[in-house]
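my_file.pdb (PDB, C-alpha atoms) appears below.
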ATOM      1  CA  MET U   1       0.000   0.000   0.000
ATOM      2  CA  LYS U   2       1.362   3.398  -0.986
ATOM      3  CA  THR U   3       2.228   5.862   1.744
ATOM      4  CA  TRP U   4       2.977   9.583   1.706
ATOM      5  CA  GLN U   5       5.227  11.779   3.835
ATOM      6  CA  MET U   6       4.141  15.357   4.484
ATOM      7  CA  ASP U   7       5.682  18.223   6.411
ATOM      8  CA  ILE U   8       3.232  20.361   8.389
ATOM      9  CA  ASN U   9       4.367  23.832   9.353
ATOM     10  CA  CYS U  10       2.894  26.554  11.551
ATOM     11  CA  ASP U  11       3.524  30.277  11.888
ATOM     12  CA  VAL U  12       4.437  30.848  15.534
ATOM     13  CA  GLY U  13       5.852  33.446  17.895
ATOM     14  CA  GLU U  14       3.092  35.823  16.874
ATOM     15  CA  GLY U  15       1.662  36.491  20.314
ATOM     16  CA  MET U  16      -0.949  33.740  20.373
ATOM     17  CA  GLY U  17       0.720  31.922  23.269
ATOM     18  CA  ASN U  18      -0.389  28.502  22.012
ATOM     19  CA  GLU U  19       2.999  27.152  20.931
ATOM     20  CA  ALA U  20       3.386  24.635  23.750
ATOM     21  CA  ASP U  21       0.048  23.101  22.752
ATOM     22  CA  ILE U  22       0.540  22.930  18.981
ATOM     23  CA  PHE U  23       4.240  22.038  18.680
ATOM     24  CA  PRO U  24       3.694  18.278  19.238
ATOM     25  CA  PHE U  25       1.585  18.143  16.068
ATOM     26  CA  MET U  26       3.835  19.868  13.519
ATOM     27  CA  SER U  27       7.166  19.070  11.905
ATOM     28  CA  SER U  28       8.426  22.565  11.026
ATOM     29  CA  CYS U  29       7.738  26.069  12.264
ATOM     30  CA  ASN U  30       8.078  29.644  11.046
ATOM     31  CA  ILE U  31       9.092  31.990  13.855
ATOM     32  CA  ALA U  32       8.191  35.686  13.672
ATOM     33  CA  CYS U  33      11.377  37.758  13.527
ATOM     34  CA  GLY U  34      10.089  41.109  14.768
ATOM     35  CA  GLY U  35       8.763  42.565  11.528
ATOM     36  CA  HIS U  36       5.062  41.821  11.972
ATOM     37  CA  ALA U  37       5.287  40.269  15.428
ATOM     38  CA  GLY U  38       7.783  38.879  17.900
ATOM     39  CA  ASP U  39      10.766  40.157  19.812
ATOM     40  CA  VAL U  40      14.031  38.846  21.215
ATOM     41  CA  GLN U  41      12.273  37.168  24.136
ATOM     42  CA  SER U  42       9.585  35.446  22.088
ATOM     43  CA  MET U  43      12.103  34.248  19.496
ATOM     44  CA  GLY U  44      14.243  32.649  22.197
ATOM     45  CA  GLU U  45      11.292  31.007  23.918
ATOM     46  CA  VAL U  46       9.849  29.554  20.729
ATOM     47  CA  ILE U  47      13.242  28.330  19.512
ATOM     48  CA  LEU U  48      13.625  26.382  22.766
ATOM     49  CA  LEU U  49      10.168  24.855  22.345
ATOM     50  CA  ALA U  50      10.975  23.849  18.777
ATOM     51  CA  GLN U  51      14.112  22.101  19.973
ATOM     52  CA  LYS U  52      12.189  20.358  22.744
ATOM     53  CA  TYR U  53       9.705  18.895  20.263
ATOM     54  CA  HIS U  54      12.275  18.247  17.488
ATOM     55  CA  VAL U  55      10.564  20.640  15.098
ATOM     56  CA  LYS U  56      12.511  22.086  12.156
ATOM     57  CA  ILE U  57      13.161  25.799  12.704
ATOM     58  CA  GLY U  58      12.395  28.500  10.157
ATOM     59  CA  ALA U  59      12.622  32.284  10.117
ATOM     60  CA  HIS U  60       9.481  34.235   9.226
ATOM     61  CA  PRO U  61      10.442  37.767   8.088
ATOM     62  CA  SER U  62       7.865  40.345   7.079
ATOM     63  CA  TYR U  63       7.241  43.876   6.047
ATOM     64  CA  PRO U  64       8.217  45.962   9.112
ATOM     65  CA  ASP U  65       4.590  46.637  10.026
ATOM     66  CA  LYS U  66       3.372  45.428  13.401
ATOM     67  CA  ALA U  67       0.394  47.790  13.244
ATOM     68  CA  ASN U  68      -1.115  45.762  10.379
ATOM     69  CA  PHE U  69       0.453  42.419  11.363
ATOM     70  CA  GLY U  70       2.376  42.452   8.086
ATOM     71  CA  ARG U  71      -0.794  41.834   6.116
ATOM     72  CA  GLU U  72      -0.785  45.073   4.104
ATOM     73  CA  VAL U  73       1.634  45.856   1.265
ATOM     74  CA  MET U  74       3.996  48.652   2.306
ATOM     75  CA  ASP U  75       5.128  51.274  -0.183
ATOM     76  CA  ILE U  76       8.723  51.569   0.979
ATOM     77  CA  PRO U  77      12.024  51.819  -0.931
ATOM     78  CA  ALA U  78      13.633  48.523  -1.902
ATOM     79  CA  ASP U  79      16.818  49.255   0.043
ATOM     80  CA  VAL U  80      14.820  49.980   3.206
ATOM     81  CA  LEU U  81      12.927  46.702   2.899
ATOM     82  CA  ILE U  82      16.124  44.766   2.209
ATOM     83  CA  GLN U  83      17.748  46.283   5.280
ATOM     84  CA  SER U  84      14.714  45.459   7.428
ATOM     85  CA  ILE U  85      14.566  41.823   6.294
ATOM     86  CA  ARG U  86      18.298  41.403   6.869
ATOM     87  CA  GLU U  87      18.052  42.926  10.346
ATOM     88  CA  GLN U  88      15.155  40.603  11.192
ATOM     89  CA  LEU U  89      17.142  37.577  10.044
ATOM     90  CA  ASP U  90      20.365  38.718  11.721
ATOM     91  CA  THR U  91      18.563  39.085  15.039
ATOM     92  CA  PHE U  92      16.845  35.746  14.670
ATOM     93  CA  PHE U  93      19.991  33.910  13.605
ATOM     94  CA  ALA U  94      21.983  35.351  16.517
ATOM     95  CA  ILE U  95      19.409  34.027  18.983
ATOM     96  CA  LEU U  96      19.231  30.687  17.187
ATOM     97  CA  LYS U  97      23.021  30.352  17.316
ATOM     98  CA  LYS U  98      23.057  31.242  21.014
ATOM     99  CA  GLU U  99      20.549  28.461  21.730
ATOM    100  CA  GLY U 100      22.474  25.948  19.623
ATOM    101  CA  GLY U 101      19.739  25.619  17.026
ATOM    102  CA  GLN U 102      19.962  25.115  13.276
ATOM    103  CA  LEU U 103      18.150  27.131  10.628
ATOM    104  CA  HIS U 104      16.147  24.899   8.321
ATOM    105  CA  HIS U 105      14.188  27.362   6.176
ATOM    106  CA  ILE U 106      13.001  30.906   5.550
ATOM    107  CA  LYS U 107       9.394  31.781   4.780
ATOM    108  CA  ALA U 108       8.112  35.279   4.096
ATOM    109  CA  HIS U 109       5.023  36.388   5.989
ATOM    110  CA  GLY U 110       1.683  37.793   4.956
ATOM    111  CA  ALA U 111       1.673  40.544   2.335
ATOM    112  CA  LEU U 112       5.367  40.034   1.610
ATOM    113  CA  TYR U 113       4.725  36.334   0.906
ATOM    114  CA  ASN U 114       1.806  37.136  -1.387
ATOM    115  CA  GLN U 115       3.630  39.928  -3.238
ATOM    116  CA  THR U 116       6.736  37.857  -3.918
ATOM    117  CA  ALA U 117       4.532  35.101  -5.291
ATOM    118  CA  LYS U 118       3.265  37.240  -8.173
ATOM    119  CA  ASP U 119       5.459  40.340  -8.497
ATOM    120  CA  VAL U 120       8.914  40.108 -10.076
ATOM    121  CA  GLY U 121      10.199  43.240  -8.357
ATOM    122  CA  ALA U 122       9.079  42.097  -4.915
ATOM    123  CA  ALA U 123      10.604  38.658  -5.480
ATOM    124  CA  ASP U 124      13.912  40.210  -6.526
ATOM    125  CA  VAL U 125      14.022  42.426  -3.434
ATOM    126  CA  TYR U 126      13.184  39.547  -1.086
ATOM    127  CA  LEU U 127      15.735  37.179  -2.611
ATOM    128  CA  GLU U 128      18.399  39.885  -2.541
ATOM    129  CA  ALA U 129      17.675  40.308   1.175
ATOM    130  CA  ILE U 130      18.083  36.596   1.951
ATOM    131  CA  LYS U 131      20.794  35.655  -0.560
ATOM    132  CA  GLU U 132      23.461  35.080   2.095
ATOM    133  CA  TYR U 133      21.385  32.117   3.311
ATOM    134  CA  ARG U 134      21.575  30.352  -0.071
ATOM    135  CA  GLY U 135      22.882  26.875   0.631
ATOM    136  CA  LYS U 136      22.132  27.329   4.334
ATOM    137  CA  ALA U 137      18.348  27.462   4.360
ATOM    138  CA  ILE U 138      15.461  26.182   2.264
ATOM    139  CA  VAL U 139      12.957  28.689   0.877
ATOM    140  CA  TYR U 140       9.276  27.915   1.498
ATOM    141  CA  ALA U 141       7.243  29.365  -1.401
ATOM    142  CA  PRO U 142       4.022  28.684  -3.314
ATOM    143  CA  PHE U 143       3.935  26.284  -6.236
ATOM    144  CA  GLY U 144       4.198  28.059  -9.575
ATOM    145  CA  SER U 145       5.111  31.364  -7.950
ATOM    146  CA  VAL U 146       7.536  33.954  -9.261
ATOM    147  CA  VAL U 147       9.639  33.733  -6.112
ATOM    148  CA  ALA U 148       9.902  29.927  -6.241
ATOM    149  CA  THR U 149      11.111  29.997  -9.850
ATOM    150  CA  LYS U 150      13.625  32.778  -9.219
ATOM    151  CA  ALA U 151      14.889  31.176  -6.009
ATOM    152  CA  GLU U 152      15.582  27.904  -7.792
ATOM    153  CA  THR U 153      17.403  29.778 -10.567
ATOM    154  CA  MET U 154      19.580  31.447  -7.925
ATOM    155  CA  GLY U 155      20.516  28.090  -6.407
ATOM    156  CA  PHE U 156      18.186  27.975  -3.425
ATOM    157  CA  GLU U 157      16.515  24.732  -2.453
ATOM    158  CA  VAL U 158      12.773  25.373  -2.566
ATOM    159  CA  TRP U 159       9.953  23.540  -0.829
ATOM    160  CA  HIS U 160       6.578  24.250  -2.396
ATOM    161  CA  GLU U 161       4.060  25.171   0.249
ATOM    162  CA  ALA U 162       0.275  24.941   0.269
ATOM    163  CA  PHE U 163      -2.201  26.086   2.896
ATOM    164  CA  ALA U 164      -4.333  23.654   4.816
ATOM    165  CA  ASP U 165      -6.602  26.259   6.388
ATOM    166  CA  ARG U 166      -7.037  28.679   3.462
ATOM    167  CA  ASN U 167      -9.134  28.557   0.318
ATOM    168  CA  TYR U 168      -7.628  29.121  -3.121
ATOM    169  CA  ASN U 169      -8.717  31.201  -6.093
ATOM    170  CA  PRO U 170      -8.543  29.588  -9.568
ATOM    171  CA  ASP U 171      -5.130  31.213 -10.179
ATOM    172  CA  LEU U 172      -3.822  29.566  -6.974
ATOM    173  CA  SER U 173      -3.710  32.852  -5.095
ATOM    174  CA  LEU U 174      -5.252  32.756  -1.647
ATOM    175  CA  VAL U 175      -8.782  33.999  -1.141
ATOM    176  CA  SER U 176      -8.537  37.399   0.543
ATOM    177  CA  ARG U 177      -8.884  37.427   4.303
ATOM    178  CA  LYS U 178     -11.530  40.102   3.765
ATOM    179  CA  SER U 179     -13.777  37.346   2.392
ATOM    180  CA  ASN U 180     -15.748  35.055   4.687
ATOM    181  CA  LYS U 181     -14.540  32.190   2.492
ATOM    182  CA  ALA U 182     -10.848  32.813   3.193
ATOM    183  CA  LEU U 183     -10.418  30.468   6.155
ATOM    184  CA  ILE U 184     -11.164  26.771   6.510
ATOM    185  CA  GLU U 185     -11.676  26.263  10.224
ATOM    186  CA  THR U 186     -13.467  22.897  10.499
ATOM    187  CA  PRO U 187     -10.947  20.048  10.940
ATOM    188  CA  LYS U 188     -12.825  17.628   8.656
ATOM    189  CA  LYS U 189     -12.997  20.258   5.886
ATOM    190  CA  VAL U 190      -9.257  20.871   6.265
ATOM    191  CA  LEU U 191      -8.597  17.148   5.842
ATOM    192  CA  ASP U 192     -10.816  17.005   2.755
ATOM    193  CA  HIS U 193      -8.987  20.058   1.402
ATOM    194  CA  ILE U 194      -5.478  18.651   1.755
ATOM    195  CA  LEU U 195      -5.860  14.963   0.884
ATOM    196  CA  PRO U 196      -6.131  15.674  -2.885
ATOM    197  CA  MET U 197      -3.077  17.940  -2.604
ATOM    198  CA  ILE U 198      -1.058  15.176  -1.000
ATOM    199  CA  LYS U 199      -2.255  12.203  -3.026
ATOM    200  CA  GLU U 200      -3.232  13.641  -6.393
ATOM    201  CA  GLY U 201      -1.390  16.961  -6.670
ATOM    202  CA  THR U 202      -4.647  18.864  -7.073
ATOM    203  CA  VAL U 203      -6.694  21.392  -5.130
ATOM    204  CA  VAL U 204     -10.375  22.267  -5.347
ATOM    205  CA  THR U 205     -10.571  26.052  -5.600
ATOM    206  CA  VAL U 206     -13.181  28.235  -3.942
ATOM    207  CA  ASP U 207     -15.337  28.149  -7.090
ATOM    208  CA  GLY U 208     -15.180  24.363  -7.357
ATOM    209  CA  LYS U 209     -12.539  24.095 -10.079
ATOM    210  CA  ILE U 210      -9.733  21.523  -9.833
ATOM    211  CA  GLN U 211      -6.218  22.909 -10.311
ATOM    212  CA  LYS U 212      -2.789  21.305 -10.271
ATOM    213  CA  ILE U 213      -0.705  22.055  -7.183
ATOM    214  CA  GLU U 214       2.444  20.650  -5.606
ATOM    215  CA  ALA U 215       3.271  20.767  -1.927
ATOM    216  CA  LYS U 216       6.108  19.410   0.146
ATOM    217  CA  THR U 217       4.910  21.313   3.205
ATOM    218  CA  LEU U 218       1.432  22.311   4.363
ATOM    219  CA  CYS U 219       0.758  25.318   6.581
ATOM    220  CA  VAL U 220      -1.742  25.627   9.399
ATOM    221  CA  HIS U 221      -1.691  29.200  10.681
ATOM    222  CA  GLY U 222      -0.987  29.416  14.387
ATOM    223  CA  ASP U 223      -3.477  32.274  14.713
ATOM    224  CA  THR U 224      -6.348  30.370  13.099
ATOM    225  CA  PRO U 225      -8.846  30.082  15.993
ATOM    226  CA  SER U 226      -9.196  26.320  15.615
ATOM    227  CA  ALA U 227      -5.481  25.658  14.955
ATOM    228  CA  LEU U 228      -5.037  23.219  17.842
ATOM    229  CA  GLU U 229      -8.242  21.400  16.975
ATOM    230  CA  ILE U 230      -7.171  21.133  13.326
ATOM    231  CA  LEU U 231      -3.683  19.885  14.154
ATOM    232  CA  THR U 232      -4.810  17.254  16.656
ATOM    233  CA  TYR U 233      -7.434  16.027  14.202
ATOM    234  CA  LEU U 234      -4.923  15.763  11.367
ATOM    235  CA  SER U 235      -2.434  13.927  13.565
ATOM    236  CA  ARG U 236      -5.112  11.339  14.256
ATOM    237  CA  GLU U 237      -6.712  11.102  10.814
ATOM    238  CA  LEU U 238      -3.855  11.430   8.326
ATOM    239  CA  PRO U 239      -2.263   8.060   9.235
ATOM    240  CA  LYS U 240      -5.620   6.425   8.438
ATOM    241  CA  HIS U 241      -5.093   7.717   4.891
ATOM    242  CA  GLN U 242      -1.465   6.450   4.755
ATOM    243  CA  VAL U 243      -0.053   9.945   5.272
ATOM    244  CA  ASN U 244       2.734  10.254   7.835
ATOM    245  CA  LEU U 245       4.094  13.411   9.404
ATOM    246  CA  GLU U 246       7.627  14.095   8.162
ATOM    247  CA  LYS U 247      10.020  14.654  11.041
TER     248      LYS U 247
END

Whole structure, structure tokens version:
Amino acid sequence: MKTWQMDINCDVGEGMGNEADIFPFMSSCNIACGGHAGDVQSMGEVILLAQKYHVKIGAHPSYPDKANFGREVMDIPADVLIQSIREQLDTFFAILKKEGGQLHHIKAHGALYNQTAKDVGAADVYLEAIKEYRGKAIVYAPFGSVVATKAETMGFEVWHEAFADRNYNPDLSLVSRKSNKALIETPKKVLDHILPMIKEGTVVTVDGKIQKIEAKTLCVHGDTPSALEILTYLSRELPKHQVNLEK
């Protein structure tokens, strides 16, 4: 019988305070680096939790915009954004090194993630900011995105990411959080959403169309209200469908 391995990642260190509960049910994490959320204390605490639960550690840089939680595109000069991303990563990496941890990946947050997926200029700026980590960290990015293609061309290892708790538009962009159809919060609906991704390489979009998608890692947002419920459900149900959590 065929089996599948799947990484499940969560965005953490964002002030939710639920990390100790959800860490046992994920295999990689994206830790806020101070751009949209997080500070030196939270980074250190979450890094220690990740090590305790043997979870792969990732940095989660953002537009420097805590007021909007990094979910609005900022009109700032490229050099200012590059400097901000580098400062976020430098701070994070210094704490990680102090705690004896190892950087596994980098994943942009929120509006920065979405912009780099479709905009060549944004992708170029982001990859310029993180280029010193080429060969040292994997880039998590959407399948078919501008940033994934450019990162691979530059020599980065890329893991295609899909979202377990978000609906997709037909062009594989995420349904806007302003829509009441953006989030998938019921654990059974999340399972139904991701099984075709894992087994068939397809996703059913918000309008019912079937689109090709590839994913090596699936994200459950740590600030989704039912995150713990979703993760515990998946940990119980996925093995019944021959899907094992990749550690």

Run the PyMOL selection byres ((chain U and resi 95) around 10) against the file shown and list the residues it catches, as a CSV table (one decimal) with C-alpha atoms, in the coordinates of the input.
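Printed below is selection-v2.csv as written:
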chain,number,residue,atom,x,y,z
U,40,VAL,CA,14.0,38.8,21.2
U,41,GLN,CA,12.3,37.2,24.1
U,43,MET,CA,12.1,34.2,19.5
U,44,GLY,CA,14.2,32.6,22.2
U,45,GLU,CA,11.3,31.0,23.9
U,47,ILE,CA,13.2,28.3,19.5
U,89,LEU,CA,17.1,37.6,10.0
U,90,ASP,CA,20.4,38.7,11.7
U,91,THR,CA,18.6,39.1,15.0
U,92,PHE,CA,16.8,35.7,14.7
U,93,PHE,CA,20.0,33.9,13.6
U,94,ALA,CA,22.0,35.4,16.5
U,96,LEU,CA,19.2,30.7,17.2
U,97,LYS,CA,23.0,30.4,17.3
U,98,LYS,CA,23.1,31.2,21.0
U,99,GLU,CA,20.5,28.5,21.7
U,100,GLY,CA,22.5,25.9,19.6
U,101,GLY,CA,19.7,25.6,17.0

Give as number ranges by chain the residues that the PyMOL selection byres ((chain U and resi 123-126) around 10) matches when applied to the coordinates above. U: 61-62, 77-79, 81-82, 85-86, 108, 112-122, 127-131, 145-151

Å distance separating CA of Ile22 (chain U) from CA of Leu231 (chain U), one decimal place: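 Going from CA of Ile22 (chain U) over to CA of Leu231 (chain U), I get 7.1 Å.
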
Please enumerate the residues selected by the PyMOL selection byres ((chain U and resi 214) around 7) when evaluated against the supplied file, formatted as a list of chain:residue names.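 Evaluating the PyMOL selection byres ((chain U and resi 214) around 7) on these coordinates yields U:Phe143, U:His160, U:Met197, U:Gly201, U:Ile213, U:Ala215, U:Lys216.
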
So which one's closest to Ala182 (chain U), U:Asp75, U:Asp165, U:Glu87, U:Asp7? Using only C-alpha atoms, please. U:Asp165

Shortest contact to Ile31 (chain U), candidates U:Val175, U:Ala137, U:Ala59, U:Met154, atoms counted all atoms listed in the file, goes to U:Ala59

For Glu14 (chain U), which residue out of U:Gly110, U:Gly135, U:Gly38, U:Gly144 is the nearest one, using only C-alpha atoms?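 Checking each of U:Gly110, U:Gly135, U:Gly38, U:Gly144 against Glu14 (chain U), counting only C-alpha atoms, the winner is U:Gly38.
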
Can you work out which one of U:Cys33, U:Ile210, U:Val46, U:Ile230 has the shortest atom-to-atom distance to Asp65 (chain U), counting all atoms listed in the file? U:Cys33

Which one of U:Lys247, U:Ala227, U:Gly70, U:Ile184 sits closest to Glu19 (chain U) if you count only C-alpha atoms?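 Selected residue with least distance to Glu19 (chain U): U:Ala227.
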
What is the CA of Ile8 (chain U) to CA of Val220 (chain U) distance in Å?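 Separation of CA of Ile8 (chain U) and CA of Val220 (chain U): 7.3 Å.
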
Using only C-alpha atoms, can you list as a PDB file with C-alpha atoms, keeping the file's coordinate frame the residues within 10 Å of (-3.1, 26.2, -10.6)?
ATOM      1  CA  PHE U 143       3.935  26.284  -6.236  1.00  0.00           C
ATOM      2  CA  GLY U 144       4.198  28.059  -9.575  1.00  0.00           C
ATOM      3  CA  TYR U 168      -7.628  29.121  -3.121  1.00  0.00           C
ATOM      4  CA  ASN U 169      -8.717  31.201  -6.093  1.00  0.00           C
ATOM      5  CA  PRO U 170      -8.543  29.588  -9.568  1.00  0.00           C
ATOM      6  CA  ASP U 171      -5.130  31.213 -10.179  1.00  0.00           C
ATOM      7  CA  LEU U 172      -3.822  29.566  -6.974  1.00  0.00           C
ATOM      8  CA  SER U 173      -3.710  32.852  -5.095  1.00  0.00           C
ATOM      9  CA  THR U 202      -4.647  18.864  -7.073  1.00  0.00           C
ATOM     10  CA  VAL U 203      -6.694  21.392  -5.130  1.00  0.00           C
ATOM     11  CA  VAL U 204     -10.375  22.267  -5.347  1.00  0.00           C
ATOM     12  CA  THR U 205     -10.571  26.052  -5.600  1.00  0.00           C
ATOM     13  CA  LYS U 209     -12.539  24.095 -10.079  1.00  0.00           C
ATOM     14  CA  ILE U 210      -9.733  21.523  -9.833  1.00  0.00           C
ATOM     15  CA  GLN U 211      -6.218  22.909 -10.311  1.00  0.00           C
ATOM     16  CA  LYS U 212      -2.789  21.305 -10.271  1.00  0.00           C
ATOM     17  CA  ILE U 213      -0.705  22.055  -7.183  1.00  0.00           C
ATOM     18  CA  GLU U 214       2.444  20.650  -5.606  1.00  0.00           C
TER      19      GLU U 214
END

Distance in Å - CA of Gly35 (chain U) versus CA of Met16 (chain U): 15.8 Å

Would you list the residues near (-16.5, 22.2, 12.5), meaning any protein, DNA or RNA residue with an atom at most 12 Å from that point in file coordinates, counting only C-alpha atoms, as an MDAnalysis selection string? chainID U and resid 184:191 225:227 229:230 233

Distance criterion (all atoms listed in the file): nearest to Pro24 (chain U) out of U:Thr3, U:Gln102, U:Asn167, U:Thr232: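 Nearest to Pro24 (chain U): U:Thr232.
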
Return as JSON the box centre and box size in Å, one decimal, for an axis-aligned box around all listed atoms of region 201-216 of chain U padded by 6 Å per side.
{"center_x": -4.6, "center_y": 22.6, "center_z": -5.1, "size_x": 33.4, "size_y": 23.3, "size_z": 22.5}
